[in-house]
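*Asks:* Before I ask anything, let me first share the structure, which is written out below as structure tokens.
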Amino acid sequence: MCRSEGTISVSQFSRGSYPATRMRRVRRHSWSRQLVAESSLTASDLIWPWFVFDEKGRVAVGSLPGVERLGVDQIARQAAAACELGIPAIAIFPATDPKLKTDDAREAVNAENLVCRTVRAIKAEVGDSLGVICDVALDPYSSHGQDGLVRDGYVVNDETIEVLCQQAIIQAEAGCDIIAPSDMMDGRIGAIRAALDGAGKIDVQIMSYAAKYASAFYGPFRDAVGSSGNLAGGSKMTYQQSPTQSDEALHEVALDLAEGADSVMIKPGMPYLDIVHRVKATFAVPTFVYQVSGEYAMLSAAAQNGWLDRQQVMMESLTAFKRAGADGILTYFAPEAAEWLKS
Ligand SMILES: NCc1[nH]cc(CCC(=O)O)c1CC(=O)O
Ligand SMILES: [Mg+2]
């Protein structure tokens with residue numbers, strides 16, 4: 001405490017109560033903020049979701065500004081772009097021709113379906129430079145838009161799993177590196193692991209959508225794959241988790257890891273950061289998060305209105321996932337964020 005002569009001024013008097021610790025010191029300059037940064041985002045944290053359709057060219061997805069459905073002729077170029085951006089993996093979602101959608105979703109197990117052809121086209125272009133992730137679930141192929149087979153109005157578990165196993169095998173045989181079951185049937189990870197191993201695909205990974213919530217944030221995705229009309233207001237609450245649940249997510253993850261999942265996913269992202277954090281803290285396994293279509297749509301729409309700064313909310317939201325504990329992020333912002341990180 002330094003003393004000085006003269007009358008006591010307000011500033012001298014109050015000096016002793018100034019903070020000894022000034023949190024603002026390290027925030028003052030950019031170099032210092034960078035030095036103390038606990039989380040960082042790089043292009044290698046990103047997974048880029050693609051929508052494919054069985055035509056030529058590209059078509060914009062109305063509810064996902066900046067996102068396009070890709071024709072088969074666009075795949076090679078897009079794969080090269082992903083490599084160029086330093087994005088390690090992409091995830092494929094098909095907008096199946098409505099004529100091919102049936103009650104039993106049989107197109108899901110057609111080895112010549114759009115997804116399998118896309119995987120082959122990617123692998124022919126870039127080989128193992130780019131990881132390819134394929135969703136396992138029946139909703140892009142079913143006339144009812146549900147992820148599983150429907151019997152008497154109920155999505156049946158075990159019968160669905162048999163189809164999912166076939167779907168996983170044809171995708172792996174097409175060259176898929178990571179099978180990502182997003183269907184939320186009980187026991188499907190163990191069954192798919194056994195099916196893959198039985199088909200000699202012992203090195204194909206499983207990224208389980210382990211904690212997937214019944215969310216209204218999936219709306220634009222269902223437009224993009226063309227399943228919203230099929231679902232016709234139907235709900236997925238009998239298999240996806242209720243937003244009220246937190247401990248239950250840990251139970252789901254524990255089961256999927258015990259059944260052989262290599263990594264787990266939490267979905268959606270921003271409204272479920274608490275789940276990302278709990279899962280990573282509890283299990284310490286590769287943990288991914290899906291910033292889903294509705295999250296992208298709302299940030300994009302606000303930016304289009306001039307209400308939010310697009311680049312800043314993009315980077316802030318992605319950094320928040322890293323801070324919560326995610327090892328990687330599936331996001332429609334992937335190419336834009338990777339581009340931004342380069343500059
Ligand atoms: N199995 C379907 C599936 N896989 C990924 C998404 C949503 C992704 C997004 O909203 O971006 C969904 C939608 C759903 O469960 O209805
Ligand atoms: Mg489960």
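In the structure tokens, chains take the letters A, B, ... in the order shown, each chain's residues start at 1, and ligands count up from 1 in the order shown.
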Counting only C-alpha atoms and all ligand atoms, what are the residues, protein, DNA or RNA alike, that approach ligand 1 to within 8 Å? I want them as a ChimeraX atom specification.
*Replies:* /A:93,135-140,146-147,181-183,212,214-215,217-222,236,240,268,290-294,331-332
*Asks:* According to DSSP computed on the backbone, where in segment 67-132 of chain A is there strand (DSSP E or B)? Give the residues as a ChimeraX atom specification.
*Replies:* /A:68-70,89-95,102,131-132
*Asks:* If you run DSSP on the backbone, which residues of segment 4-166 of chain A are helix (DSSP H, G or I), as a PyMOL selection string?
*Replies:* chain A and resi 10-15+25-27+30-36+43-45+72-85+98-100+106-109+114-129+157-166
*Asks:* Quick one: write out the picked residues with C-alpha atoms as a PDB file, in the first residue's frame?
*Replies:*
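result26.pdb written:
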```
ATOM      1  CA  VAL A  10     -11.371  10.080  -3.095  1.00  0.00           C
ATOM      2  CA  SER A  11      -9.041   8.227  -5.410  1.00  0.00           C
ATOM      3  CA  GLN A  12      -6.402   7.622  -2.703  1.00  0.00           C
ATOM      4  CA  PHE A  13      -9.029   6.500  -0.289  1.00  0.00           C
ATOM      5  CA  SER A  14     -10.605   4.017  -2.602  1.00  0.00           C
ATOM      6  CA  ARG A  15      -7.348   2.679  -4.062  1.00  0.00           C
ATOM      7  CA  ARG A  25      -5.363  -7.485 -18.004  1.00  0.00           C
ATOM      8  CA  VAL A  26      -5.156 -10.567 -20.178  1.00  0.00           C
ATOM      9  CA  ARG A  27      -8.071  -9.434 -22.314  1.00  0.00           C
ATOM     10  CA  SER A  30      -5.439  -9.673 -29.097  1.00  0.00           C
ATOM     11  CA  TRP A  31      -2.111 -11.556 -28.700  1.00  0.00           C
ATOM     12  CA  SER A  32      -2.854 -12.097 -25.036  1.00  0.00           C
ATOM     13  CA  ARG A  33      -6.397 -13.287 -25.643  1.00  0.00           C
ATOM     14  CA  GLN A  34      -5.004 -15.771 -28.132  1.00  0.00           C
ATOM     15  CA  LEU A  35      -2.325 -16.898 -25.687  1.00  0.00           C
ATOM     16  CA  VAL A  36      -4.823 -17.790 -22.946  1.00  0.00           C
ATOM     17  CA  ALA A  43     -11.027 -26.917 -40.136  1.00  0.00           C
ATOM     18  CA  SER A  44     -10.129 -30.379 -38.851  1.00  0.00           C
ATOM     19  CA  ASP A  45     -12.963 -30.121 -36.309  1.00  0.00           C
ATOM     20  CA  VAL A  72     -24.284 -36.927 -59.083  1.00  0.00           C
ATOM     21  CA  ASP A  73     -22.201 -34.954 -61.588  1.00  0.00           C
ATOM     22  CA  GLN A  74     -21.213 -32.472 -58.835  1.00  0.00           C
ATOM     23  CA  ILE A  75     -19.773 -34.997 -56.403  1.00  0.00           C
ATOM     24  CA  ALA A  76     -16.196 -35.176 -57.665  1.00  0.00           C
ATOM     25  CA  ARG A  77     -15.832 -31.393 -57.629  1.00  0.00           C
ATOM     26  CA  GLN A  78     -17.364 -31.108 -54.163  1.00  0.00           C
ATOM     27  CA  ALA A  79     -15.063 -33.821 -52.802  1.00  0.00           C
ATOM     28  CA  ALA A  80     -12.035 -31.995 -54.171  1.00  0.00           C
ATOM     29  CA  ALA A  81     -13.318 -28.782 -52.554  1.00  0.00           C
ATOM     30  CA  ALA A  82     -13.635 -30.485 -49.162  1.00  0.00           C
ATOM     31  CA  CYS A  83     -10.033 -31.699 -49.362  1.00  0.00           C
ATOM     32  CA  GLU A  84      -8.872 -28.277 -50.467  1.00  0.00           C
ATOM     33  CA  LEU A  85     -10.561 -26.710 -47.416  1.00  0.00           C
ATOM     34  CA  PRO A  98     -40.514 -39.905 -54.200  1.00  0.00           C
ATOM     35  CA  LYS A  99     -41.374 -42.726 -56.613  1.00  0.00           C
ATOM     36  CA  LEU A 100     -38.814 -44.921 -54.849  1.00  0.00           C
ATOM     37  CA  ARG A 106     -36.605 -51.061 -49.575  1.00  0.00           C
ATOM     38  CA  GLU A 107     -34.536 -48.507 -51.515  1.00  0.00           C
ATOM     39  CA  ALA A 108     -32.425 -48.201 -48.339  1.00  0.00           C
ATOM     40  CA  VAL A 109     -30.931 -51.626 -49.038  1.00  0.00           C
ATOM     41  CA  LEU A 114     -28.050 -42.755 -54.558  1.00  0.00           C
ATOM     42  CA  VAL A 115     -25.968 -42.899 -51.388  1.00  0.00           C
ATOM     43  CA  CYS A 116     -23.909 -45.867 -52.567  1.00  0.00           C
ATOM     44  CA  ARG A 117     -23.307 -44.265 -55.966  1.00  0.00           C
ATOM     45  CA  THR A 118     -22.262 -41.045 -54.243  1.00  0.00           C
ATOM     46  CA  VAL A 119     -19.823 -42.859 -51.971  1.00  0.00           C
ATOM     47  CA  ARG A 120     -18.231 -44.591 -54.948  1.00  0.00           C
ATOM     48  CA  ALA A 121     -17.934 -41.308 -56.821  1.00  0.00           C
ATOM     49  CA  ILE A 122     -16.197 -39.674 -53.845  1.00  0.00           C
ATOM     50  CA  LYS A 123     -13.814 -42.542 -53.323  1.00  0.00           C
ATOM     51  CA  ALA A 124     -12.983 -42.657 -57.036  1.00  0.00           C
ATOM     52  CA  GLU A 125     -12.054 -38.981 -56.881  1.00  0.00           C
ATOM     53  CA  VAL A 126     -10.231 -38.558 -53.573  1.00  0.00           C
ATOM     54  CA  GLY A 127      -9.796 -42.041 -52.059  1.00  0.00           C
ATOM     55  CA  ASP A 128      -8.847 -42.009 -48.409  1.00  0.00           C
ATOM     56  CA  SER A 129      -8.090 -38.267 -48.343  1.00  0.00           C
ATOM     57  CA  ASN A 157     -37.598 -51.944 -33.071  1.00  0.00           C
ATOM     58  CA  ASP A 158     -36.166 -55.366 -33.819  1.00  0.00           C
ATOM     59  CA  GLU A 159     -37.592 -55.784 -37.295  1.00  0.00           C
ATOM     60  CA  THR A 160     -36.212 -52.349 -38.203  1.00  0.00           C
ATOM     61  CA  ILE A 161     -32.754 -53.344 -37.007  1.00  0.00           C
ATOM     62  CA  GLU A 162     -32.597 -56.163 -39.547  1.00  0.00           C
ATOM     63  CA  VAL A 163     -33.074 -53.640 -42.352  1.00  0.00           C
ATOM     64  CA  LEU A 164     -30.581 -51.207 -40.793  1.00  0.00           C
ATOM     65  CA  CYS A 165     -27.942 -53.962 -40.729  1.00  0.00           C
ATOM     66  CA  GLN A 166     -28.429 -54.555 -44.462  1.00  0.00           C
TER      67      GLN A 166
END
```
*Asks:* May I have a table of the residues of chain A lying at most 7 Å from ligand 2, giving each one's closest pair of atoms and their distance in Å to one decimal, counting only C-alpha atoms and all ligand atoms, ordered by chain and ascending residue number, as CSV?
*Replies:*
```
residue,atom,partner,partner_atom_place_in_ligand_line,distance
A:Met184,CA,ligand 2,1 (Mg),5.2
A:Met185,CA,ligand 2,1 (Mg),6.0
A:Asp186,CA,ligand 2,1 (Mg),4.9
A:Gly187,CA,ligand 2,1 (Mg),6.7
A:Ala210,CA,ligand 2,1 (Mg),5.6
A:Glu252,CA,ligand 2,1 (Mg),4.7
A:Leu255,CA,ligand 2,1 (Mg),6.7
A:Asp256,CA,ligand 2,1 (Mg),6.3
```
*Asks:* Go ahead and write the residues just picked, C-alpha atoms, as a compact mmCIF listing (two decimals), in the first residue's frame.
*Replies:*
```
# COMPACT_ATOMS: atom_id res chain seq x y z
CA MET A 184 -32.49 -44.47 -32.18
CA MET A 185 -33.65 -48.10 -32.21
CA ASP A 186 -32.49 -50.00 -29.10
CA GLY A 187 -29.66 -52.44 -29.68
CA ALA A 210 -26.44 -41.92 -29.27
CA GLU A 252 -27.97 -44.09 -24.08
CA LEU A 255 -25.24 -48.63 -24.00
CA ASP A 256 -23.91 -47.65 -27.42
```
*Asks:* If I take atom CA of Ala180 of chain A and atom CA of Asp54 of chain A, how far is one from the other in Å, to one decimal?
*Replies:* 21.9 Å
*Asks:* Mind checking which residues fall within 7 Å of Ala89 of chain A, counting only C-alpha atoms, ignoring those fewer than 2 positions away in the same chain, and posting them as a PyMOL selection string?
*Replies:* chain A and resi 47-48+87+91+130-132
*Asks:* Please dump the current selection as an mmCIF file, in the first residue's frame; keep C-alpha atoms.
*Replies:*
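Saved file selection-v1.cif follows:
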```cif
data_model
loop_
_atom_site.group_PDB
_atom_site.id
_atom_site.type_symbol
_atom_site.label_atom_id
_atom_site.label_comp_id
_atom_site.auth_asym_id
_atom_site.auth_seq_id
_atom_site.Cartn_x
_atom_site.Cartn_y
_atom_site.Cartn_z
ATOM 1 C CA ILE A 47 -17.827 -32.478 -40.757
ATOM 2 C CA TRP A 48 -19.658 -31.197 -43.825
ATOM 3 C CA ILE A 87 -12.265 -30.645 -43.930
ATOM 4 C CA ALA A 91 -21.784 -36.866 -44.296
ATOM 5 C CA LEU A 130 -11.663 -37.672 -47.217
ATOM 6 C CA GLY A 131 -13.666 -39.627 -44.647
ATOM 7 C CA VAL A 132 -17.166 -40.549 -45.767
#
```
*Asks:* Set the distance at 9 Å and use only C-alpha atoms: which residues neighbour Arg323 of chain A once local chain neighbours fewer than 5 positions away are removed? I'd like the list as a list in words.
*Replies:*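 Surrounding residues, per the criterion: Glu38, Ser39, Ser40, His277 and Leu318 of chain A.
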